[in-house]
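**Q** Input: one structure, supplied below.
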Amino acid sequence: MLHMQLWEVICMNIKVFSIEKSSNKTVDVLNKEFIKMISKNASIEDVVLFNKQIALAQSKGEKEAKASYGKIYEPHLKGYNIALDVSGHVCDSFEFSKIFDNHININFFIGGAFGFNKGFLNKTQKVISLSRLTYAHKVAKIVLYEQIYRGLCIKTNHPYHK
């Protein structure tokens, strides 16, 4: 299926999960703008998860932090799950858009400060990297939202992606 019909895309549910301590007004404005654009073609939800256990685990070290990320994310592993991790596959925008080919419920999980442990990555259907560079959650979300919008535009043959 090269291009989806609009009604097929609107039925799609996308959730973006992240672990963030605080928000930033400038970044929030950009995220909200992309969420608004995406919502014309799909249901989109921004889910921010952070608690005292994650903060404590991150202060203890990498192993504890990775375990806490998996623990908070695992209950949300429903549908088609994609982990964003520096160890993941780097793809171009057209390859990224194929994520939307056959999946109605898509969840993106942005790795914490220490990334993910292998156990969590093995529970997802796909592991991708936005870049070999490491981004702050706020920046990674902007890049991810832009690519989601671009991917949906590719699927609906909207000229944005050109």
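We name chains A, B, ... following the order of the structure tokens; residues begin at 1 in each chain, and ligands are numbered from 1 as shown.
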What's the 10 Å shell around Ile99 in chain A, counting only C-alpha atoms, without same-chain residues fewer than 4 positions away, as a compact mmCIF listing (two decimals) with C-alpha atoms, in the first residue's frame?
**A**
# COMPACT_ATOMS: atom_id res chain seq x y z
CA TYR A 80 3.02 -1.93 17.80
CA ILE A 82 8.93 1.16 18.86
CA PHE A 94 10.54 7.07 3.62
CA GLU A 95 11.58 3.98 5.55
CA HIS A 103 -0.46 -0.69 12.34
CA ILE A 106 1.61 2.63 17.56
CA LYS A 126 11.19 -2.31 16.43
CA ILE A 148 5.71 11.28 12.46
CA GLY A 151 5.68 10.00 7.60
CA LEU A 152 1.93 10.55 7.63
**Q** Find, counting only C-alpha atoms, the residue in A:Lys60, A:Arg150, A:His89, A:Lys78 that gets nearest to Phe108 in chain A.
**A** A:Lys78
**Q** Between CA of His158 in chain A and CA of Ala140 in chain A, what is the distance, to one decimal in Å?
**A**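 Taking CA of His158 in chain A as the start and CA of Ala140 in chain A as the end point, the length is 23.7 Å.
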**Q** Would you mind listing what lies within 9 Å of range 61-74 of chain A as a PyMOL selection string, with only C-alpha atoms counted and same-chain residues fewer than 5 positions away left out?
**A** chain A and resi 17-19+49-50+53-56+109+111-117+119-121+123
